[in-house]
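A.B. asks: Below is the file structure.tsv, with TSV, C-alpha atoms.
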```tsv
chain	number	residue	atom	x	y	z
A	792	MET	CA	4.65	-40.55	-200.25
A	793	LYS	CA	2.63	-37.67	-201.68
A	794	TYR	CA	1.09	-34.98	-199.50
A	795	TRP	CA	-2.24	-33.18	-199.43
A	796	ILE	CA	-2.93	-29.88	-197.70
A	797	SER	CA	-6.03	-30.09	-195.51
A	798	LEU	CA	-8.00	-26.86	-195.24
A	799	VAL	CA	-9.98	-28.10	-192.25
A	800	ASN	CA	-10.45	-25.22	-189.80
A	801	THR	CA	-8.70	-22.72	-192.06
A	802	VAL	CA	-11.05	-19.78	-191.67
A	803	GLU	CA	-9.46	-17.47	-194.23
A	804	VAL	CA	-11.63	-18.60	-197.14
A	805	ASP	CA	-10.43	-15.70	-199.28
A	806	GLN	CA	-6.94	-17.29	-199.25
A	807	PHE	CA	-7.99	-20.70	-200.56
A	808	VAL	CA	-7.24	-20.13	-204.23
A	809	ALA	CA	-3.80	-18.67	-203.51
A	810	ILE	CA	-3.05	-21.58	-201.15
A	811	ALA	CA	-3.98	-24.03	-203.91
A	812	GLN	CA	-1.69	-22.28	-206.39
A	813	LYS	CA	1.18	-22.29	-203.89
A	814	ALA	CA	0.61	-25.97	-203.08
A	815	GLU	CA	0.83	-26.84	-206.76
A	816	ALA	CA	4.02	-24.79	-207.19
A	817	LEU	CA	5.64	-26.56	-204.22
A	818	GLY	CA	4.82	-30.04	-205.50
A	819	TYR	CA	1.98	-31.02	-203.16
A	820	GLU	CA	-0.39	-33.62	-204.55
A	821	GLY	CA	-3.67	-32.02	-203.63
A	822	ILE	CA	-6.01	-30.02	-201.40
A	823	THR	CA	-8.92	-31.29	-199.31
A	824	VAL	CA	-11.86	-29.36	-197.88
A	825	PRO	CA	-14.40	-30.35	-195.19
A	826	ASP	CA	-18.19	-30.07	-195.21
A	827	HIS	CA	-21.21	-29.33	-193.07
A	828	LEU	CA	-24.47	-28.51	-194.79
A	829	ALA	CA	-26.12	-26.76	-191.85
A	830	TYR	CA	-24.18	-26.37	-188.62
A	831	PRO	CA	-26.28	-26.54	-185.44
A	832	ALA	CA	-25.48	-23.89	-182.84
A	833	VAL	CA	-25.86	-26.45	-180.05
A	834	ILE	CA	-24.28	-29.91	-180.45
A	835	GLU	CA	-24.48	-32.54	-177.75
A	836	THR	CA	-23.27	-35.44	-179.91
A	837	PRO	CA	-19.71	-36.35	-178.79
A	838	TYR	CA	-17.02	-35.77	-181.39
A	839	PRO	CA	-15.51	-39.24	-182.01
A	840	TYR	CA	-11.87	-38.24	-182.49
A	841	THR	CA	-11.01	-36.34	-179.30
A	842	ASP	CA	-10.67	-37.79	-175.81
A	843	ASP	CA	-13.20	-35.39	-174.30
A	844	GLY	CA	-15.68	-35.61	-177.18
A	845	LYS	CA	-15.43	-31.88	-177.90
A	846	VAL	CA	-14.89	-30.31	-181.31
A	847	TRP	CA	-11.73	-28.29	-181.84
A	848	TRP	CA	-13.11	-25.49	-183.98
A	849	PRO	CA	-15.19	-22.41	-183.15
A	850	GLN	CA	-18.93	-22.29	-183.68
A	851	THR	CA	-18.35	-19.62	-186.34
A	852	ASN	CA	-16.04	-21.82	-188.43
A	853	PRO	CA	-16.87	-21.32	-192.13
A	854	TRP	CA	-18.19	-24.22	-194.22
A	855	PRO	CA	-18.23	-23.04	-197.86
A	856	ASP	CA	-19.84	-25.38	-200.37
A	857	PRO	CA	-17.12	-27.96	-201.01
A	858	TRP	CA	-17.73	-28.51	-204.72
A	859	ILE	CA	-17.82	-24.81	-205.56
A	860	THR	CA	-14.68	-24.36	-203.45
A	861	LEU	CA	-12.82	-27.22	-205.14
A	862	THR	CA	-13.86	-25.98	-208.58
A	863	ALA	CA	-12.61	-22.47	-207.82
A	864	MET	CA	-9.22	-23.87	-206.79
A	865	GLY	CA	-9.22	-26.28	-209.71
A	866	VAL	CA	-9.69	-23.68	-212.42
A	867	ALA	CA	-6.85	-21.66	-210.88
A	868	THR	CA	-4.45	-24.63	-211.12
A	869	THR	CA	-3.50	-27.17	-213.75
A	870	LYS	CA	-2.54	-30.45	-212.05
A	871	LEU	CA	-3.37	-30.13	-208.33
A	872	ARG	CA	-5.80	-32.82	-207.22
A	873	LEU	CA	-8.84	-31.91	-205.17
A	874	ALA	CA	-11.01	-33.84	-202.74
A	875	THR	CA	-13.61	-33.54	-200.04
A	876	ASN	CA	-12.60	-34.76	-196.60
A	877	ILE	CA	-15.34	-35.33	-195.99
A	878	TYR	CA	-18.60	-34.64	-197.90
A	879	LEU	CA	-21.83	-35.47	-196.09
A	880	ALA	CA	-23.47	-37.08	-199.08
A	881	ALA	CA	-26.11	-38.81	-196.94
A	882	LEU	CA	-27.60	-35.39	-196.17
A	883	ARG	CA	-28.25	-34.84	-199.88
A	884	ASP	CA	-30.28	-36.57	-202.54
A	885	PRO	CA	-28.49	-38.50	-205.32
A	886	PHE	CA	-29.28	-35.91	-208.00
A	887	THR	CA	-27.65	-33.10	-206.02
A	888	VAL	CA	-24.60	-35.26	-205.35
A	889	SER	CA	-24.32	-36.38	-208.96
A	890	ARG	CA	-24.63	-32.91	-210.44
A	891	ALA	CA	-22.16	-31.36	-208.00
A	892	THR	CA	-19.46	-34.01	-208.40
A	893	SER	CA	-19.95	-34.16	-212.15
A	894	ALA	CA	-19.61	-30.41	-212.65
A	895	ALA	CA	-16.52	-30.21	-210.46
A	896	ALA	CA	-14.90	-33.07	-212.37
A	897	ILE	CA	-15.66	-31.48	-215.74
A	898	PHE	CA	-14.32	-28.03	-214.84
A	899	THR	CA	-11.14	-29.47	-213.27
A	900	SER	CA	-10.33	-32.03	-215.97
A	901	ASN	CA	-11.11	-35.04	-213.74
A	902	ARG	CA	-8.94	-33.94	-210.81
A	903	VAL	CA	-11.57	-34.37	-208.07
A	904	ALA	CA	-12.32	-37.21	-205.69
A	905	CYS	CA	-15.49	-37.51	-203.64
A	906	GLY	CA	-14.47	-38.25	-200.06
A	907	VAL	CA	-17.46	-39.20	-197.91
A	908	SER	CA	-18.39	-40.58	-194.53
A	909	ALA	CA	-21.62	-41.29	-192.71
A	910	GLY	CA	-21.22	-38.25	-190.46
A	911	TRP	CA	-21.35	-37.87	-186.69
A	912	VAL	CA	-23.48	-34.79	-185.84
A	913	LYS	CA	-26.91	-36.16	-184.96
A	914	GLU	CA	-28.30	-32.65	-184.60
A	915	GLU	CA	-27.35	-31.81	-188.19
A	916	PHE	CA	-29.29	-34.79	-189.52
A	917	GLU	CA	-32.27	-33.88	-187.36
A	918	LEU	CA	-32.13	-30.30	-188.63
A	919	LEU	CA	-32.34	-31.57	-192.21
A	920	GLY	CA	-35.06	-34.10	-191.39
A	921	VAL	CA	-32.83	-37.08	-192.25
A	922	ASP	CA	-32.83	-40.13	-190.01
A	923	PHE	CA	-29.48	-40.29	-188.23
A	924	HIS	CA	-29.53	-44.00	-187.45
A	925	SER	CA	-29.94	-45.12	-191.07
A	926	ARG	CA	-27.33	-42.72	-192.43
A	927	GLY	CA	-24.85	-45.49	-193.32
A	928	ARG	CA	-27.36	-47.35	-195.48
A	929	ARG	CA	-28.48	-44.07	-197.01
A	930	LEU	CA	-24.86	-43.20	-197.86
A	931	ASP	CA	-24.36	-46.58	-199.55
A	932	GLU	CA	-27.41	-45.94	-201.67
A	933	VAL	CA	-26.38	-42.39	-202.56
A	934	ILE	CA	-22.98	-43.67	-203.75
A	935	GLN	CA	-24.66	-46.35	-205.85
A	936	CYS	CA	-27.02	-43.81	-207.38
A	937	MET	CA	-24.26	-41.27	-208.03
A	938	ARG	CA	-22.22	-43.80	-209.95
A	939	GLY	CA	-25.19	-44.67	-212.12
A	940	LEU	CA	-26.25	-41.07	-212.73
A	941	ASN	CA	-22.71	-39.98	-213.55
A	942	SER	CA	-22.50	-42.63	-216.27
A	943	GLY	CA	-24.59	-40.51	-218.63
A	944	GLU	CA	-26.82	-43.49	-219.35
A	945	VAL	CA	-30.56	-43.67	-218.82
A	946	VAL	CA	-30.87	-45.21	-215.36
A	947	SER	CA	-33.58	-46.34	-212.98
A	948	HIS	CA	-33.31	-47.12	-209.30
A	949	SER	CA	-35.46	-48.80	-206.69
A	950	GLY	CA	-34.06	-48.72	-203.17
A	951	GLU	CA	-34.77	-48.17	-199.51
A	952	PHE	CA	-34.49	-44.39	-199.71
A	953	PHE	CA	-34.71	-43.38	-203.37
A	954	ASN	CA	-36.82	-44.50	-206.30
A	955	TYR	CA	-36.77	-43.14	-209.83
A	956	ALA	CA	-37.26	-44.39	-213.37
A	957	GLU	CA	-35.54	-43.52	-216.64
A	958	VAL	CA	-33.42	-40.57	-215.58
A	959	ILE	CA	-30.44	-39.17	-217.47
A	960	MET	CA	-27.96	-36.62	-216.13
A	961	SER	CA	-25.95	-34.36	-218.41
A	962	PRO	CA	-23.20	-33.31	-218.64
A	963	VAL	CA	-21.18	-36.05	-217.00
A	964	PRO	CA	-17.41	-36.41	-216.55
A	965	SER	CA	-15.33	-38.35	-219.03
A	966	GLN	CA	-14.00	-40.51	-216.17
A	967	PRO	CA	-15.73	-41.85	-213.05
A	968	VAL	CA	-15.27	-39.67	-209.96
A	969	PRO	CA	-13.34	-41.74	-207.38
A	970	VAL	CA	-15.16	-42.34	-204.10
A	971	TRP	CA	-13.02	-42.32	-200.97
A	972	VAL	CA	-14.52	-43.21	-197.59
A	973	GLY	CA	-13.51	-41.87	-194.18
A	974	GLY	CA	-13.89	-43.33	-190.71
A	975	LYS	CA	-12.74	-46.47	-188.92
A	976	SER	CA	-15.97	-48.11	-187.80
A	977	LYS	CA	-16.74	-51.56	-189.14
A	978	GLY	CA	-19.25	-50.07	-191.58
A	979	ALA	CA	-16.85	-47.36	-192.72
A	980	LEU	CA	-14.05	-49.82	-193.44
A	981	ARG	CA	-16.42	-52.12	-195.31
A	982	ARG	CA	-17.63	-49.13	-197.33
A	983	ALA	CA	-14.08	-48.01	-198.07
A	984	ALA	CA	-13.08	-51.50	-199.23
A	985	GLU	CA	-15.99	-51.50	-201.67
A	986	ASN	CA	-15.00	-48.17	-203.20
A	987	ASP	CA	-11.83	-46.41	-204.38
A	988	GLY	CA	-9.98	-45.26	-201.28
A	989	TRP	CA	-9.82	-44.70	-197.54
A	990	LEU	CA	-9.52	-41.32	-195.84
A	991	GLY	CA	-7.64	-42.09	-192.67
A	992	VAL	CA	-8.59	-40.67	-189.29
A	993	PRO	CA	-5.84	-39.51	-186.88
A	994	LEU	CA	-4.04	-42.63	-185.65
A	995	HIS	CA	-0.62	-43.71	-184.43
A	996	ASN	CA	1.39	-45.66	-186.98
A	997	GLU	CA	0.89	-49.10	-185.43
A	998	GLU	CA	-2.89	-48.78	-185.36
A	999	MET	CA	-2.86	-47.15	-188.80
A	1000	LYS	CA	-1.12	-50.19	-190.26
A	1001	GLN	CA	-3.64	-52.52	-188.61
A	1002	VAL	CA	-6.54	-50.60	-190.11
A	1003	VAL	CA	-4.96	-50.46	-193.57
A	1004	ASP	CA	-4.25	-54.20	-193.44
A	1005	SER	CA	-7.87	-54.89	-192.49
A	1006	ILE	CA	-9.12	-52.88	-195.47
A	1007	PHE	CA	-6.97	-54.86	-197.89
A	1008	ASP	CA	-8.14	-58.09	-196.28
A	1009	LEU	CA	-11.69	-56.98	-197.07
A	1010	ARG	CA	-10.66	-56.16	-200.65
A	1011	ARG	CA	-9.23	-59.64	-201.07
A	1012	LYS	CA	-12.58	-61.04	-199.97
A	1013	ASN	CA	-14.69	-58.78	-202.20
A	1014	GLY	CA	-12.52	-59.32	-205.28
A	1015	LYS	CA	-11.20	-55.76	-205.53
A	1016	TYR	CA	-7.68	-56.29	-204.20
A	1017	ASP	CA	-6.00	-55.88	-207.60
A	1018	GLU	CA	-7.91	-52.68	-208.45
A	1019	PRO	CA	-6.35	-49.24	-207.77
A	1020	PHE	CA	-6.92	-48.02	-204.22
A	1021	ASP	CA	-5.84	-44.76	-202.58
A	1022	VAL	CA	-5.03	-44.49	-198.88
A	1023	ILE	CA	-4.83	-41.02	-197.37
A	1024	LEU	CA	-3.07	-41.24	-194.01
A	1025	SER	CA	-3.61	-38.84	-191.11
A	1026	ALA	CA	-0.70	-39.15	-188.71
A	1027	MET	CA	-0.45	-38.67	-184.96
A	1028	GLU	CA	3.30	-39.26	-185.10
A	1029	ALA	CA	6.10	-38.95	-187.62
A	1030	TYR	CA	6.19	-41.37	-190.52
A	1031	THR	CA	9.30	-43.44	-190.96
A	1032	PRO	CA	10.58	-45.20	-194.08
A	1033	GLU	CA	10.07	-48.49	-192.21
A	1034	PHE	CA	6.41	-47.71	-191.53
A	1035	ILE	CA	5.76	-46.75	-195.14
A	1036	ALA	CA	7.54	-49.89	-196.38
A	1037	SER	CA	5.36	-52.04	-194.10
A	1038	LEU	CA	2.11	-50.97	-195.77
A	1039	ASP	CA	0.35	-53.26	-198.24
A	1040	THR	CA	1.79	-52.74	-201.71
A	1041	ALA	CA	-1.67	-52.84	-203.30
A	1042	GLY	CA	-2.32	-49.28	-202.11
A	1043	THR	CA	-1.23	-45.88	-203.34
A	1044	TYR	CA	-0.33	-43.86	-200.25
A	1045	HIS	CA	-0.80	-40.20	-199.53
A	1046	ALA	CA	-0.72	-38.13	-196.35
A	1047	SER	CA	-3.05	-35.36	-195.23
A	1048	VAL	CA	-1.18	-32.56	-193.47
A	1049	LEU	CA	-2.05	-29.31	-191.66
A	1050	PRO	CA	1.24	-27.36	-191.79
A	1051	TRP	CA	-0.13	-24.21	-190.12
A	1052	THR	CA	-3.17	-25.48	-188.18
A	1053	PRO	CA	-2.89	-26.43	-184.49
A	1054	SER	CA	-5.06	-29.41	-183.55
A	1055	PRO	CA	-5.76	-31.69	-180.58
A	1056	TRP	CA	-3.09	-34.04	-181.98
A	1057	GLY	CA	-0.24	-31.54	-181.89
A	1058	ARG	CA	0.86	-27.99	-182.56
A	1059	ALA	CA	1.75	-26.82	-186.04
A	1060	PHE	CA	5.50	-27.41	-185.91
A	1061	TRP	CA	6.17	-25.52	-189.14
A	1062	VAL	CA	4.87	-22.21	-187.77
A	1063	LYS	CA	7.28	-20.36	-185.50
A	1064	GLU	CA	6.16	-19.07	-182.11
A	1065	ASP	CA	6.14	-15.41	-183.17
A	1066	GLU	CA	4.26	-16.00	-186.44
A	1067	ASP	CA	0.55	-15.46	-187.05
A	1068	HIS	CA	-0.74	-18.51	-188.93
A	1069	THR	CA	-3.73	-16.54	-190.27
A	1070	ASP	CA	-1.33	-14.55	-192.46
A	1071	ILE	CA	-1.03	-16.04	-195.93
A	1072	ASP	CA	2.75	-15.57	-196.09
A	1073	VAL	CA	3.10	-17.56	-192.86
A	1074	LYS	CA	1.01	-20.31	-194.41
A	1075	PHE	CA	3.27	-20.30	-197.45
A	1076	ARG	CA	6.39	-20.54	-195.28
A	1077	SER	CA	4.94	-23.41	-193.26
A	1078	MET	CA	4.17	-25.30	-196.47
A	1079	GLU	CA	7.74	-24.77	-197.65
A	1080	ARG	CA	9.21	-25.85	-194.30
A	1081	PHE	CA	7.14	-29.01	-194.24
A	1082	ARG	CA	8.17	-29.92	-197.79
A	1083	ASP	CA	11.83	-29.21	-197.06
A	1084	MET	CA	11.77	-31.43	-193.98
A	1085	MET	CA	10.12	-34.32	-195.82
A	1086	GLN	CA	12.65	-33.98	-198.62
A	1087	LYS	CA	15.49	-34.06	-196.07
A	1088	PHE	CA	14.29	-37.38	-194.70
A	1089	GLY	CA	13.57	-38.88	-198.12
A	1090	LEU	CA	9.83	-38.97	-197.54
A	1091	TRP	CA	8.73	-36.54	-200.24
A	1092	GLU	CA	7.55	-37.40	-203.74
A	1093	ASP	CA	6.67	-34.48	-206.03
A	1094	ALA	CA	3.22	-34.56	-207.55
```
Represent the structure of the file as C-alpha cells.
C.D. replies:
Amino acid sequence: MKYWISLVNTVEVDQFVAIAQKAEALGYEGITVPDHLAYPAVIETPYPYTDDGKVWWPQTNPWPDPWITLTAMGVATTKLRLATNIYLAALRDPFTVSRATSAAAIFTSNRVACGVSAGWVKEEFELLGVDFHSRGRRLDEVIQCMRGLNSGEVVSHSGEFFNYAEVIMSPVPSQPVPVWVGGKSKGALRRAAENDGWLGVPLHNEEMKQVVDSIFDLRRKNGKYDEPFDVILSAMEAYTPEFIASLDTAGTYHASVLPWTPSPWGRAFWVKEDEDHTDIDVKFRSMERFRDMMQKFGLWEDA
C-alpha cells in the first residue's frame, strides 16, 4: 500500500511546498489538493458525506487553483506524484481543462493525475451559470475533449455541450494525463470504470470492498479490466492485511490520509493533544508517526 497526503482543509497554503518536500523525503507516494472555483457564501445543498449534510470546513477555507498549486509542489520535488481530489472540470470548458492539465504535466515530468467528480454544490454551478442537473454528462464530455486536445493532434468535436472544428493545443504532455473519478453514485462508478482510476469516498472496509468489486465488474464488461487502474482508498477504519489481500488484483492500491486534520470520520490520531496542528513542525511529526505506524504493521510501501 502506498500513501498520499490529502491537503483538504489545510488552510496554511504557505506551507504546501514544504509539506510536499517532506512527504517525498518520508516516502509518501503523492499529494492531493481539492477544488472549488467560486465558493458560495450560502449553501443549502446537503453535503453527501456527513450524516447531517453539513460541511466540515469554515466558510473562509482557502481554495487555491489546483493546477498552479500542484505545479508549485511538483517543481520543488523530483518524484512525488500529484493529483486533484477533486477537480470540478464540469465547471470549466475543455480548453481551460486541457491547458491546465497539460502544463502541470509538462512542468512536473508527467507526475500529475486529474481527479474529477461531478460535484455536489448546486449553488456553485448556478453562480457560474452551468446547469447543475446535466453536470455528469457535461463532465463526460469535458473528459473526452481533454483527452483529444491533449493529444497534440488537430481535433474536432461535436457534442451536447461543446462544438469546435480543427483545433490544436500546444504544448502537450509526452504521456496522457490519467483521469481518476471520485464518488460512489452509479454514474460516478460507471465513469471511473471507463477511465484510469477511482478516488474513494470515506467508507468502512466492507463497503469499500463492495464498491471496488463493482468497479472491476464494470471494467470486465467494458473491456478495460486488463488495463492499469489506480484505486485511492479513503478509510473510516484501520486497514488490515486481510482487507488489502481481499481486493481485486487488477488494481493498484493507494490510500489517502490526513495525518494532522480532524474530520467527521475521526480525530487526527498522529497529533498529540497538546500540539497545534497548524504548526508545520507538528504536521511533519504527524507524517512521521503515521509512516512509522504503517511500517510497524507491514502496511507501508515506500514510493
A.B. asks: Determine the nearest neighbour of Gly910 of chain A from the options A:Val1003, A:Met937, A:Ala867, A:Ala979, counting only C-alpha atoms.
C.D. replies: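 The shortest atom-to-atom distance to Gly910 of chain A comes from A:Ala979.
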A.B. asks: For segment 1081-1083 of chain A, work out the shell of residues within 10 Å, counting only C-alpha atoms and skipping chain neighbours fewer than 2 positions away, then give it as a ChimeraX atom specification.
C.D. replies: /A:794,817-819,1048-1051,1060-1062,1076-1079,1085-1093
A.B. asks: For each of A:Glu915, A:Glu1018, A:Glu815, A:Glu1028, take the minimum atom-to-atom distance to Ala1041 of chain A, counting only C-alpha atoms, then give the residue where this is smallest.
C.D. replies: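 Residue with the minimum atom-to-atom distance to Ala1041 of chain A: A:Glu1018.
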A.B. asks: Between A:Gly988, A:Arg1010, A:Phe953, A:Ala863, single out the one closest to Ala809 of chain A, counting all atoms listed in the file.
C.D. replies: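 With all atoms listed in the file as the atom set, the closest residue is A:Ala863.
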A.B. asks: To one decimal in Å, tell me the separation between atom CA of Pro967 of chain A and atom CA of Arg982 of chain A.
C.D. replies: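 So the answer is 17.4 Å.
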A.B. asks: Go ahead and find all residues with at least one atom no further than 12 Å from (-36.0, -40.3, -218.1) in the file's coordinates, using only C-alpha atoms; report them as a list of chain:residue names.
C.D. replies: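 Those residues, ordered by chain and then number, are A:Leu940, A:Gly943, A:Glu944, A:Val945, A:Val946, A:Ser947, A:His948, A:Tyr955, A:Ala956, A:Glu957, A:Val958, A:Ile959, A:Met960, A:Ser961.
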A.B. asks: A:Tyr838, A:Trp795, A:Trp848, A:Trp911: which is nearest Leu871 of chain A, counting all atoms listed in the file?
C.D. replies: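 Checking each of A:Tyr838, A:Trp795, A:Trp848, A:Trp911 against Leu871 of chain A, counting all atoms listed in the file, the winner is A:Trp795.
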A.B. asks: Calculate how many Å separate atom CA of Lys793 of chain A from atom CA of Asp1008 of chain A, rounding to one decimal.
C.D. replies: 23.7 Å
A.B. asks: Given the choices A:Arg883, A:Ile796, A:Cys905, A:Ala1094, which gets closest to Thr869 of chain A if the distance is worked out from all atoms listed in the file?
C.D. replies: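 Nearest to Thr869 of chain A: A:Ala1094.
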A.B. asks: Need the shell around Ile822 of chain A: protein/DNA/RNA residues with any atom at most 8 Å away, counting all atoms listed in the file. Skip same-chain ones fewer than 5 positions apart. Format as a list in words?
C.D. replies: Trp795, Ile796, Ser797, Leu798, Ala811, Ala814, Leu871, Arg872, Leu873 and Ala874 of chain A
A.B. asks: Do you have the atom CA of His1045 of chain A-atom CA of Val1002 of chain A distance handy?
C.D. replies: 15.2 Å
A.B. asks: Excluding Ile810 of chain A and any residue of its chain fewer than 4 positions from it, enumerate the residues within 8 Å of it, using all atoms listed in the file, and give them as a list in words.
C.D. replies: Gln806, Ala814, Ile1071, Lys1074 and Phe1075 of chain A
A.B. asks: Would you put the residues from that selection into a file with C-alpha atoms, as a PDB file, in the frame of the given file?
C.D. replies:
```
ATOM      1  CA  GLN A 806      -6.940 -17.290-199.250  1.00  0.00           C
ATOM      2  CA  ALA A 814       0.610 -25.970-203.080  1.00  0.00           C
ATOM      3  CA  ILE A1071      -1.030 -16.040-195.930  1.00  0.00           C
ATOM      4  CA  LYS A1074       1.010 -20.310-194.410  1.00  0.00           C
ATOM      5  CA  PHE A1075       3.270 -20.300-197.450  1.00  0.00           C
TER       6      PHE A1075
END
```
A.B. asks: Compile the contact shell of Trp858 of chain A as a PyMOL selection string: residues with an atom at most 9 Å away, counting all atoms listed in the file, same-chain residues fewer than 2 positions apart removed.
C.D. replies: chain A and resi 855-856+860-863+874-875+891-892+894-895
A.B. asks: Could the residues in this selection be written to a file with C-alpha atoms, as a short mmCIF file (atom, residue, chain, number, x, y, z; two decimals), in the coordinates of the input?
C.D. replies:
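Result file is out_22.cif:
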```cif
data_model
loop_
_atom_site.label_atom_id
_atom_site.label_comp_id
_atom_site.auth_asym_id
_atom_site.auth_seq_id
_atom_site.Cartn_x
_atom_site.Cartn_y
_atom_site.Cartn_z
CA PRO A 855 -18.23 -23.04 -197.86
CA ASP A 856 -19.84 -25.38 -200.37
CA THR A 860 -14.68 -24.36 -203.45
CA LEU A 861 -12.82 -27.22 -205.14
CA THR A 862 -13.86 -25.98 -208.58
CA ALA A 863 -12.61 -22.47 -207.82
CA ALA A 874 -11.01 -33.84 -202.74
CA THR A 875 -13.61 -33.54 -200.04
CA ALA A 891 -22.16 -31.36 -208.00
CA THR A 892 -19.46 -34.01 -208.40
CA ALA A 894 -19.61 -30.41 -212.65
CA ALA A 895 -16.52 -30.21 -210.46
#
```
A.B. asks: Can you tell me, as a PDB file with C-alpha atoms, in the coordinates of the input, what residues are no more than 12 Å from Lys977 of chain A when counting only C-alpha atoms, ignoring any on the same chain fewer than 3 positions away?
C.D. replies:
```pdb
ATOM      1  CA  ALA A 909     -21.620 -41.290-192.710  1.00  0.00           C
ATOM      2  CA  GLY A 927     -24.850 -45.490-193.320  1.00  0.00           C
ATOM      3  CA  GLY A 973     -13.510 -41.870-194.180  1.00  0.00           C
ATOM      4  CA  GLY A 974     -13.890 -43.330-190.710  1.00  0.00           C
ATOM      5  CA  LEU A 980     -14.050 -49.820-193.440  1.00  0.00           C
ATOM      6  CA  ARG A 981     -16.420 -52.120-195.310  1.00  0.00           C
ATOM      7  CA  ARG A 982     -17.630 -49.130-197.330  1.00  0.00           C
ATOM      8  CA  ALA A 983     -14.080 -48.010-198.070  1.00  0.00           C
ATOM      9  CA  ALA A 984     -13.080 -51.500-199.230  1.00  0.00           C
ATOM     10  CA  VAL A1002      -6.540 -50.600-190.110  1.00  0.00           C
ATOM     11  CA  SER A1005      -7.870 -54.890-192.490  1.00  0.00           C
ATOM     12  CA  ILE A1006      -9.120 -52.880-195.470  1.00  0.00           C
ATOM     13  CA  LEU A1009     -11.690 -56.980-197.070  1.00  0.00           C
TER      14      LEU A1009
END
```
A.B. asks: From the options A:Asp884, A:Glu914, A:Asp922, A:Asp842, which residue's atoms come nearest to His827 of chain A, counting only C-alpha atoms?
C.D. replies: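 Ranking A:Asp884, A:Glu914, A:Asp922, A:Asp842 by distance to His827 of chain A, first place goes to A:Glu914.
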A.B. asks: So for segment 973-990 of chain A, what box centre and size do we get, axis-aligned, 8 Å extra on each of the six sides, every listed atom, Å to one decimal, as lines of an AutoDock Vina configuration file?
C.D. replies:
```
center_x = -14.4
center_y = -46.7
center_z = -196.1
size_x = 25.7
size_y = 26.8
size_z = 32.6
```
A.B. asks: Hey, could you patch up segment 961-977 of chain A with N, CA and C atoms and hand it over as an mmCIF file, in the frame of the given file?
C.D. replies:
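Written output follows (result.cif):
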```
data_model
loop_
_atom_site.group_PDB
_atom_site.id
_atom_site.type_symbol
_atom_site.label_atom_id
_atom_site.label_comp_id
_atom_site.auth_asym_id
_atom_site.auth_seq_id
_atom_site.Cartn_x
_atom_site.Cartn_y
_atom_site.Cartn_z
ATOM 1 N N SER A 961 -26.885 -34.881 -217.425
ATOM 2 C CA SER A 961 -25.950 -34.360 -218.410
ATOM 3 C C SER A 961 -25.613 -32.911 -218.032
ATOM 4 N N PRO A 962 -24.337 -32.519 -218.164
ATOM 5 C CA PRO A 962 -23.200 -33.310 -218.640
ATOM 6 C C PRO A 962 -22.653 -34.209 -217.534
ATOM 7 N N VAL A 963 -21.851 -35.169 -217.948
ATOM 8 C CA VAL A 963 -21.180 -36.050 -217.000
ATOM 9 C C VAL A 963 -19.692 -36.068 -217.308
ATOM 10 N N PRO A 964 -18.856 -36.397 -216.315
ATOM 11 C CA PRO A 964 -17.410 -36.410 -216.550
ATOM 12 C C PRO A 964 -16.988 -37.527 -217.485
ATOM 13 N N SER A 965 -15.836 -37.343 -218.100
ATOM 14 C CA SER A 965 -15.330 -38.350 -219.030
ATOM 15 C C SER A 965 -14.732 -39.554 -218.305
ATOM 16 N N GLN A 966 -14.502 -39.412 -216.995
ATOM 17 C CA GLN A 966 -14.000 -40.510 -216.170
ATOM 18 C C GLN A 966 -14.833 -40.587 -214.893
ATOM 19 N N PRO A 967 -14.992 -41.760 -214.316
ATOM 20 C CA PRO A 967 -15.730 -41.850 -213.050
ATOM 21 C C PRO A 967 -15.034 -41.047 -211.950
ATOM 22 N N VAL A 968 -15.819 -40.394 -211.109
ATOM 23 C CA VAL A 968 -15.270 -39.670 -209.960
ATOM 24 C C VAL A 968 -14.938 -40.696 -208.869
ATOM 25 N N PRO A 969 -13.674 -40.780 -208.436
ATOM 26 C CA PRO A 969 -13.340 -41.740 -207.380
ATOM 27 C C PRO A 969 -14.094 -41.433 -206.090
ATOM 28 N N VAL A 970 -14.480 -42.479 -205.388
ATOM 29 C CA VAL A 970 -15.160 -42.340 -204.100
ATOM 30 C C VAL A 970 -14.238 -42.857 -203.012
ATOM 31 N N TRP A 971 -13.832 -41.962 -202.120
ATOM 32 C CA TRP A 971 -13.020 -42.320 -200.970
ATOM 33 C C TRP A 971 -13.889 -42.242 -199.722
ATOM 34 N N VAL A 972 -13.662 -43.123 -198.773
ATOM 35 C CA VAL A 972 -14.520 -43.210 -197.590
ATOM 36 C C VAL A 972 -13.690 -43.007 -196.331
ATOM 37 N N GLY A 973 -14.180 -42.129 -195.444
ATOM 38 C CA GLY A 973 -13.510 -41.870 -194.180
ATOM 39 C C GLY A 973 -14.146 -42.609 -193.026
ATOM 40 N N GLY A 974 -13.397 -42.684 -191.913
ATOM 41 C CA GLY A 974 -13.890 -43.330 -190.710
ATOM 42 C C GLY A 974 -13.179 -44.647 -190.450
ATOM 43 N N LYS A 975 -13.359 -45.177 -189.229
ATOM 44 C CA LYS A 975 -12.740 -46.470 -188.920
ATOM 45 C C LYS A 975 -13.702 -47.439 -188.256
ATOM 46 N N SER A 976 -14.998 -47.140 -188.286
ATOM 47 C CA SER A 976 -15.970 -48.110 -187.800
ATOM 48 C C SER A 976 -16.019 -49.299 -188.746
ATOM 49 N N LYS A 977 -16.631 -50.370 -188.308
ATOM 50 C CA LYS A 977 -16.740 -51.560 -189.140
ATOM 51 C C LYS A 977 -17.443 -51.233 -190.453
#
```
